[in-house]
Amino acid sequence: MAASTEEGDHTDDLKETPMIDHGVVEDSLITSTSSDEYPFHFDALTKPPMNLIFLFLLPIIWVVFIAVGFSQDDIVENEVSNIWIETRSSYICDLDYSAEYDRDGPTASIFAAMAVSRDGKNLFTAERLEEVRARMEETELTTTVEYKGISYNWDDICLSNNAGKNTTYQFPCTRISPMDYFQEARWFFDDVDRNTWYEEIIEKLVIRPRIPRFGAMSNAPCGDLSDGNLTNNPCDQLLATRFQADEALKLFADIGNLEFNDACKICIEETYEGTIDDLYIAIQTMFVALLNLKQDDAVLVESYEQILSDLDHNAVVDFYTFYVIRTLYAQLGSEDYLNNYRALQSICELEAYTLPFCFLPNITEADAYVALLNHADHTFSSTVTSGNPIPIWGNDGEGLLLEGFPSEPLSPVSGSGIDMSGRLLSTLDYLANPNSTWQNVETDPVYRWFIAGVTDMTAHCGNGTLNGISDELGGSLAATINQTFAASTQHWCTEYNIPTFDDGKVRTQQHFARMWFGLLVDSPSFLGLTQGTSDPYTWTTGQGCGYTLGGVRFPYSSENEVNVLGNASGPLYYIDEGATLGPIDTSLLIGGTQPSTYSESNPLTKVSVVQMLYLALLPEDIVKRVANCNRPGGPVEITKDDAEEVLYRFKEAFEDTWTVGWDSNNAGQVQFVGFFDDAGVIGTTGRMLEEITLSGGTLTVISLALIALFSVAFLYNFDLVASKVTITLIGVLLVILAFFAAMGFGLLVGIKINITIAWTLPFIMLGLGVDDMYILILSLNEQKGISKQHFVAAMKEIFTPITMTSFINAGMFAIMNVNDIPAIYLTAQVALISVCFIYLTIIFSFPAWCWLDMSRQASGRHDLLFCKKTYSSAKTKENNNIPVFVFYEKIYRPLILGTPKVRALSHMIIFLAFGSLLGLGIWGMTETNIGLGLEDFFPSDNQASRWANVRTEDLASWSIAMNWGAINYTSPDTQMRMIKQFERIVESENVAQIDTKLLWMADFLVWTTRHCEENFSRENHALKECGSDQVFEDGTTCLALWTENIYKLREKVFEDLDTCTLFEGGICRPTNEMHPLDLEVVPDSSYNSWCPVIDNWSNEKFGFCIEKWREITGGSGNLVLLNETGTEVDGCVGEYNDDESVLVPLPYSRGPSMFAINLYSHDITVDVIEETRKICDDDAEIHCWMTGVPYNYWSQYTNIQDVFLEISSIAIVTGFGIAFLFLFVVLQMETQYSIGKILFGSMTGAFLITAGTLSSLITVAGLSSLAGVNLTGFSSMSFVLSVGYSVEYSVHVVARWLRADSDLSSIERVEYTMSFLTVPMFMSFVSSAIGVSCLAFTEFEFNEKFFFRPLIILMAVTYFFGCWCIPVLLTYLNFDILKFGENLEDPENGHKKIEAA
């Protein structure tokens, strides 16, 4: 390979740029050349009518694409998931699978409402907590939206506002809040809500299940303390412990808390169930027999028939419950009775026994017991229903103290009105013994209770005061005595004890007895709650740790700061005290704490931020909600589209109400900010994404205007005929049309305008487009004439490099579709379309306009002022375009191609600069941070920015979920491994702890065991509700087996009844905590731990049991249902049972709501993703997949560096391949050199192009990293776009250099190349830089950081490398094997003439 001799002192002046000769006659415009010398269409576009087609066809098509595309509805991508979530990963395959069953999204939308201390000091003071409470109240109660004339409020939107069937809209909306620590949070319970809580929770779940069981517990065979022996019965020890400690009420909690394998619990359940069953049979038998005996008494016959008609197990449970209450009243109230009795006696002592009632004898506890029973059996009083058990009133308790005494008996005041003092079921003696008297029937408590149910009575619940004493008996103390008794009167009646006044309606004796017993249970001496007034904040069930039965939640209003903080240092519960959700992880809700780890023994000293989680329905569920019969204002029928609009408006309104005054320091001591997710419809992020995406319009217009002005300024000529302002503006306009047509076409094929498209492509693609336009115009400018031959020569000169750069860019963008991040591949698709449209415009349409402009010049018409002509002789004139001359002649050429000394210095500086930049780039890439957080996305003047920053610092948590597909759910091994996956996930330090039973499979399995709790508070006593009670068609039941705990699943935590455990743990059990009946069937094993499983069930049986479980418990797991809703609840349209049919085999199921916590950095988040996916997604046998915000938006960061390397490599390799191919084809067509030389030259050219591209990419990415730009999908796209710009520069330089005249030296070849390319490339760089610089003025820091910084670096680096470094390098490549141009010294060389040389 021979090298030619380089000139020692290259000081030749630049070849003058040929000027247009105004004197060329118009005939020259139609001079023809042979058609094989240039692409066929260049000839066609100079001839009418084809030239008209080339002039207008593409612009018209572009306008149509723009008009039709941009007129589409919903053209802006406002859902982050659609641009951020990888679409071709295994994760997206899992999401697609779940989407087949409409299970691909969250089950609720969440508003994270944050309250932050403005001054950074403690938020947990009475004053600041009250400010938080008031804002919650205002937001929940006043936020409404109007749509189609209908008003919607939070009750229409919230996830749950019921406490059982037919209570929708009658219970507060569910929300999770640290304010639930405090009693003042009770404001959101109104009267209706409190009544629902009382009836559906307290009565059904606390009172009714426990009281009758207390009857079983406190009597043989379960418990009997009468003989003093604590070992005869299984409950004796517990009873003795509680009574001796004066904690009898704790027995009601014990009844529910005892394990079902506990001997006492087994006895209670068996005795209770047996008692009810026996009573039902006995009562039914009794009244049937009485009906037959009393056929001659029409009144009794009618009564008995009515009793038998109404008789069922629930009626028997009612009777037994009230019968036990009567006994309980005596058992538990004896001590208080004695105290009150003795207090009355003490008055006598003070008054020296001079008062008339000082005759009262001393009594024992047994006497007190009898007195209380007598009070329960006494006449009901409408005057003072609460009454008083001490028998010191006359006139059957309605008279004055001691009235009629001693001639008439004295009585207590009020009572149930039903005397149940007789022997239970004594009627059976009457029926068995004909000689017995009717009194056995009349005194039977059973008979009296049920007869009272058909006996009319008119009364009401009265809150009058206890009568005092007459003046005659009381003397001087009468007034004092009367005031004392009036003040001591209890007022039990509430508005819910109907009737509260004499309304004239006839009811039954039993109605008022129920009323009295119910009020007795609620009374201060028993449970101490008031229907319609008490709520979960003023009356606790004792379920949660730190709470007692009948206790209250802590107040803050009357407490100092230390006490408030101390009270908030323990476990936090929702209003159910953990019954359904367990303790709530406070890391979700409380931040800025000191100490960071706190407890009741190490209490808080500071809290600076709290967060409330408001859960909202999705649109399809809102449709069902507002159709509910209980909806205030009446049910409404709406469509899903309506619901979407309602939810969209409500999200915005709710957020606005919560965040009022967030940016005003005068708006209180607490700053309120919040974030609504995009579930169902877009929320905070979606609205901001849409705003940011659309906000670039003004800057885009400005950048386009600046590009146009710059282009005009550089291509303006003082020779007004030679000036090219008009054609330049037309070129800019055509490029703009082509680009926006590409966007319009993208919209037509379903590619919405996303933030990456909006903030990169207008500035990048227009720059690439005008670059080609500059080259074309300046190529025409170089021609020394305006004939057809000159036009064609110019077209040939630019056709190959423009085609090559366009194909390389198109190939690069096409190959980028292998990436599966929508922000990248959708942008690449639009960019690909843009490249194609701009190429078609530059090659087909713009040349036709250029030819038209040459015709203008040939006719001597002025630029812009077309009507004015200037005629001159035909000659070549110098180009007096001053900017062009100045930049190349005075700056570029002297530095790059000047004298040896200057050249050596400048080259050294350029190489040093290149090495320094590349080195910085490499170093920067090693320092790259990954990830984009919400704190980067929102502008600082948006409240969500404050929320995002505080969240990242103090409350870094996101909701997550586990999902399973069509695994073998009926396999014991699958069940256990599924549970093991779940337990391993929740054991992660970055996942909030929850109990295993919250997993649907675990809950279902427990339901199928003897530890099922559903029978404890079942609605219909005759229908048992546990799995073992459900009989399948083959006669088997839904009863589980117990198997060895081979996977070491968590065991349930067992403590004594007085030790509270925050978490129950698992569902497996040690041998000593197994039910005795289960121990009889478990296999002999060395294992001491057992887990429930189902085995050998058919799909039909599994489906039957799953459906029963859902119908009874409500179910969970988001299972796939065959029908949209269950059967309608009787009496309420829009209220449904959970009795839908389940698709079996199960194709899909989901775990409970979970939270990833303490995600304070992108690295931690990525670590959590990888850790949990190893457990879940990577399990090939029991495949599950994790979902939630971290997996949707941070998953790409687990391999973002690999992705960047992948798309970069593909882009570079694609560029190399296309560059090599094009160079080979062009050199093969234009020359007759050997294939070997052409291969080597093409390979070298492609290598030089690729080297420049790779260097640019590394430098841009590295410098961007040093400039604070994290590696994300957005920045990756910006980095890879450097390939396009680098190619745009290097291809033109290398291609022209290779084809320069062969007899020229390396310096001269570069001069030949750059004398033509310097100006268009400089113009391209400046125009693109101008456009990108506009991004610096965006109001969104996100755009400035992730788009402006990398793009402006890209512009500078690619221009420097492509237009300075590569040409400098080429000056040293003076090898004949790289020369493919014409050899002027040897014109017979054999290779073709390069026409435009």
# chains A, B, ... in the order shown; residues from 1 in each chain; ligands from 1

call {"tool": "select_by_dssp", "arguments": {"residues": "segment 1072-1212 of chain A", "states": "strand (DSSP E)", "output": "ChimeraX atom specification"}}
result
/A:1089-1093,1149-1150,1154-1156,1184-1188

call {"tool": "select_by_dssp", "arguments": {"residues": "segment 950-1130 of chain A", "states": "helix (DSSP H, G or I)", "output": "VMD selection string"}}
result
chain A and resid 950 to 954 972 to 986 996 to 998 1000 to 1007 1014 to 1017 1027 to 1029 1071 to 1073 1076 to 1079 1099 to 1113

call {"tool": "residues_around", "arguments": {"residues": "Phe501 of chain A", "least_positions_apart": "5", "cutoff": "9 Å", "atoms": "only C-alpha atoms", "output": "number ranges by chain"}}
result
A: 382, 459-462

call {"tool": "closest_residue", "arguments": {"among": "A:Tyr329, A:Phe111, A:Tyr447, A:Tyr839", "to": "Ala282 of chain A", "atoms": "only C-alpha atoms"}}
result
A:Tyr447

call {"tool": "atom_distance", "arguments": {"atom1": "atom CA of Gly965 of chain A", "atom2": "atom CA of Ala99 of chain A"}}
result
11.5 Å

call {"tool": "residues_around", "arguments": {"residues": "Asn1343 of chain A", "least_positions_apart": "3", "cutoff": "12 Å", "atoms": "only C-alpha atoms", "output": "mmCIF file with N, CA and C atoms, in the first residue's frame"}}
result
data_model
loop_
_atom_site.group_PDB
_atom_site.id
_atom_site.type_symbol
_atom_site.label_atom_id
_atom_site.label_comp_id
_atom_site.auth_asym_id
_atom_site.auth_seq_id
_atom_site.Cartn_x
_atom_site.Cartn_y
_atom_site.Cartn_z
ATOM 1 N N LEU A 689 -48.002 14.564 33.567
ATOM 2 C CA LEU A 689 -47.393 14.047 32.346
ATOM 3 C C LEU A 689 -48.023 14.693 31.122
ATOM 4 N N GLU A 691 -49.533 17.588 31.056
ATOM 5 C CA GLU A 691 -49.160 19.002 31.049
ATOM 6 C C GLU A 691 -47.739 19.196 30.525
ATOM 7 N N ILE A 692 -46.826 18.362 31.002
ATOM 8 C CA ILE A 692 -45.439 18.483 30.551
ATOM 9 C C ILE A 692 -45.337 18.173 29.065
ATOM 10 N N THR A 693 -46.023 17.122 28.642
ATOM 11 C CA THR A 693 -45.964 16.726 27.238
ATOM 12 C C THR A 693 -46.431 17.845 26.327
ATOM 13 N N SER A 695 -46.606 21.032 27.133
ATOM 14 C CA SER A 695 -46.034 22.347 27.443
ATOM 15 C C SER A 695 -44.916 22.751 26.492
ATOM 16 N N GLY A 696 -44.447 21.802 25.705
ATOM 17 C CA GLY A 696 -43.337 22.122 24.818
ATOM 18 C C GLY A 696 -43.740 22.827 23.549
ATOM 19 N N LEU A 699 -42.158 26.374 23.127
ATOM 20 C CA LEU A 699 -40.725 26.293 22.891
ATOM 21 C C LEU A 699 -40.418 25.691 21.524
ATOM 22 N N ILE A 755 -44.074 11.960 26.222
ATOM 23 C CA ILE A 755 -43.183 13.023 26.667
ATOM 24 C C ILE A 755 -41.837 12.969 25.947
ATOM 25 N N THR A 756 -41.365 11.768 25.637
ATOM 26 C CA THR A 756 -40.093 11.644 24.940
ATOM 27 C C THR A 756 -40.206 12.120 23.505
ATOM 28 N N ALA A 758 -42.369 14.290 22.432
ATOM 29 C CA ALA A 758 -42.618 15.731 22.421
ATOM 30 C C ALA A 758 -41.377 16.544 22.744
ATOM 31 N N TRP A 759 -40.481 15.979 23.565
ATOM 32 C CA TRP A 759 -39.360 16.788 24.045
ATOM 33 C C TRP A 759 -38.010 16.403 23.446
ATOM 34 N N THR A 760 -37.985 15.468 22.519
ATOM 35 C CA THR A 760 -36.721 15.169 21.830
ATOM 36 C C THR A 760 -36.860 15.290 20.321
ATOM 37 N N ASP A 936 -38.042 13.794 40.755
ATOM 38 C CA ASP A 936 -37.401 14.367 39.571
ATOM 39 C C ASP A 936 -38.434 14.855 38.559
ATOM 40 N N PHE A 937 -39.612 14.304 38.636
ATOM 41 C CA PHE A 937 -40.616 14.520 37.595
ATOM 42 C C PHE A 937 -41.422 15.797 37.793
ATOM 43 N N PHE A 938 -41.842 16.040 39.028
ATOM 44 C CA PHE A 938 -42.733 17.169 39.268
ATOM 45 C C PHE A 938 -41.944 18.475 39.419
ATOM 46 N N PRO A 939 -42.428 19.561 38.827
ATOM 47 C CA PRO A 939 -41.761 20.858 39.009
ATOM 48 C C PRO A 939 -41.914 21.336 40.447
ATOM 49 N N VAL A 1269 -27.319 13.786 35.051
ATOM 50 C CA VAL A 1269 -28.410 13.109 34.344
ATOM 51 C C VAL A 1269 -28.329 11.615 34.646
ATOM 52 N N PHE A 1274 -35.616 7.678 29.422
ATOM 53 C CA PHE A 1274 -35.619 8.972 28.741
ATOM 54 C C PHE A 1274 -34.207 9.370 28.326
ATOM 55 N N SER A 1275 -33.276 9.335 29.283
ATOM 56 C CA SER A 1275 -31.912 9.758 28.966
ATOM 57 C C SER A 1275 -31.246 8.783 28.004
ATOM 58 N N SER A 1278 -32.052 9.888 24.666
ATOM 59 C CA SER A 1278 -31.277 11.078 24.311
ATOM 60 C C SER A 1278 -29.844 10.706 23.964
ATOM 61 N N VAL A 1332 -32.400 23.139 20.512
ATOM 62 C CA VAL A 1332 -32.280 22.451 21.796
ATOM 63 C C VAL A 1332 -32.125 23.449 22.930
ATOM 64 N N SER A 1333 -31.451 24.555 22.668
ATOM 65 C CA SER A 1333 -31.248 25.557 23.721
ATOM 66 C C SER A 1333 -32.560 26.086 24.257
ATOM 67 N N CYS A 1334 -33.573 26.033 23.441
ATOM 68 C CA CYS A 1334 -34.888 26.489 23.917
ATOM 69 C C CYS A 1334 -35.375 25.646 25.096
ATOM 70 N N LEU A 1335 -34.898 24.398 25.146
ATOM 71 C CA LEU A 1335 -35.311 23.531 26.251
ATOM 72 C C LEU A 1335 -34.825 24.059 27.592
ATOM 73 N N ALA A 1336 -33.768 24.854 27.561
ATOM 74 C CA ALA A 1336 -33.245 25.398 28.818
ATOM 75 C C ALA A 1336 -34.239 26.328 29.480
ATOM 76 N N PHE A 1337 -35.195 26.819 28.709
ATOM 77 C CA PHE A 1337 -36.155 27.781 29.251
ATOM 78 C C PHE A 1337 -37.463 27.119 29.669
ATOM 79 N N THR A 1338 -37.482 25.772 29.693
ATOM 80 C CA THR A 1338 -38.681 25.076 30.146
ATOM 81 C C THR A 1338 -38.914 25.347 31.625
ATOM 82 N N GLU A 1339 -40.170 25.385 32.010
ATOM 83 C CA GLU A 1339 -40.500 25.589 33.420
ATOM 84 C C GLU A 1339 -40.371 24.293 34.215
ATOM 85 N N PHE A 1340 -40.144 23.189 33.521
ATOM 86 C CA PHE A 1340 -40.064 21.902 34.192
ATOM 87 C C PHE A 1340 -38.602 21.470 34.307
ATOM 88 N N PHE A 1346 -33.389 15.937 31.969
ATOM 89 C CA PHE A 1346 -33.342 14.690 31.223
ATOM 90 C C PHE A 1346 -33.382 14.868 29.707
ATOM 91 N N PHE A 1347 -33.677 16.076 29.238
ATOM 92 C CA PHE A 1347 -33.687 16.300 27.802
ATOM 93 C C PHE A 1347 -32.683 17.375 27.381
ATOM 94 N N PHE A 1348 -32.764 18.554 28.024
ATOM 95 C CA PHE A 1348 -31.876 19.627 27.588
ATOM 96 C C PHE A 1348 -30.406 19.271 27.809
ATOM 97 N N ARG A 1349 -30.053 18.848 29.003
ATOM 98 C CA ARG A 1349 -28.634 18.604 29.301
ATOM 99 C C ARG A 1349 -28.016 17.569 28.355
ATOM 100 N N PRO A 1350 -28.615 16.375 28.233
ATOM 101 C CA PRO A 1350 -27.967 15.410 27.322
ATOM 102 C C PRO A 1350 -27.998 15.856 25.869
ATOM 103 N N LEU A 1351 -29.075 16.557 25.461
ATOM 104 C CA LEU A 1351 -29.166 16.939 24.053
ATOM 105 C C LEU A 1351 -28.190 18.048 23.700
#

call {"tool": "atom_distance", "arguments": {"atom1": "atom CA of Glu1341 of chain A", "atom2": "atom CA of Ala944 of chain A"}}
result
13.7 Å
